[in-house]
Amino acid sequence: MITLYCLLAVVCCLLVAVGCAGMEAPTPMKYKTPTPDPVDSPVTEEGSDMYMSGMDLFRENCAVCHGDKATGSDTGPPLIHEYYHTYHHPDFAFHAAVMSGVSAHHWEYGPMPPVPGLDKDEVEKIICYVRSLQRDSGMPVVPAC
Ligand code: HEC
C-alpha cells in the first residue's frame with residue numbers, strides 16, 4: 001500500500017514537472033530596465049505630479065502582477081514590452097483593462113481581473129507613469145504626460 005502511495009506521489013510530481021515545462025517562458029525583455037526613478041521623463045510640468053501619483057497608484061493596484069517598474073512578475077507580464085507600444089495598446093486599452101479586465105491572450109499568466117476603485121483620472125495618472133517608464137526604457141511611445 002505504501003509503495004502505491006509513493007508511486008502516486010512520483011506520478012504527481014512528474015505531471016507537475018511536465019506541466020511546468022510545457023509553459024512558455026515569458027519573452028525576454030528587449031528594452032532596458034527603467035532607471036530607479038525616471039521622474040524627468042514626463043514632458044510637462046503637470047506631468048511630474050501625475051507621474052508621482054501614478055507611481056503610487058500603480059504600486060498599490062498593479063505592481064503585484066506587473067512589478068514595481070512594470071517589468072513583470074510571476075503573476076503578470078511586463079508592460080515594458082513591444083506588445084504595449086502606444087500603437088498596439090493605446091491608452092484606451094489601459095482604461096479597458098482596468099475597467100473590465102483582460103482575457104489571457106498574449107501570455108500564459110491567465111486573465112487579468114478588473115481592478116475596482118479607480119476612476120478615470122487615476123487611470124490617466126497610472127498611464128502617465130507607465131508611458132514614462134516605457135520611454136525611459138527606450139520604447140518609442142507617445143508620452144501621456
Ligand atoms: C492579478 C494580476 C494583475 C493585476 C493586479 C493587474 N494586471 Fe494587468 N494584466 C495581467 C495579466 C495576466 C495580463 C496579460 C493578459 C494576456 O494578454 O495574456 C495583463 C494585461 C494588462 C494590459 C494589456 C491589456 C490588453 O489589452 O492586452 C494592461 C494595459 C494592463 N494589464 C494594465 C494593468 C493596470 C494599469 C493595472 C493596475 C490598475 C493592472 N494591469 C493590474 C494581470 C494583472
# chains A, B, ... in the order shown; residues from 1 in each chain; ligands from 1
>>> residues_near_ligand(ligand="ligand 1", cutoff="7 Å", atoms="only C-alpha atoms and all ligand atoms", output="ChimeraX atom specification")
/A:58,61-66,75-77,79,84,89,93-94,97-98,102-113,115,123,126-127
>>> select_by_dssp(residues="stretch 53-134 of chain A", states="alpha helix (DSSP H)", output="number ranges by chain")
A: 53-61, 63-66, 91-100, 120-134
>>> atom_distance(atom1="atom CA of A:Pro114", atom2="atom CA of A:Met99")
5.4 Å
>>> atom_distance(atom1="atom CA of A:Ser137", atom2="atom CA of A:Lys69")
10.5 Å
>>> atom_distance(atom1="atom CA of A:Cys145", atom2="atom CA of A:Ser53")
12.3 Å
>>> closest_residue(among="A:Thr71, A:Thr44, A:Thr33, A:Thr86", to="A:Arg131", atoms="only C-alpha atoms")
A:Thr86
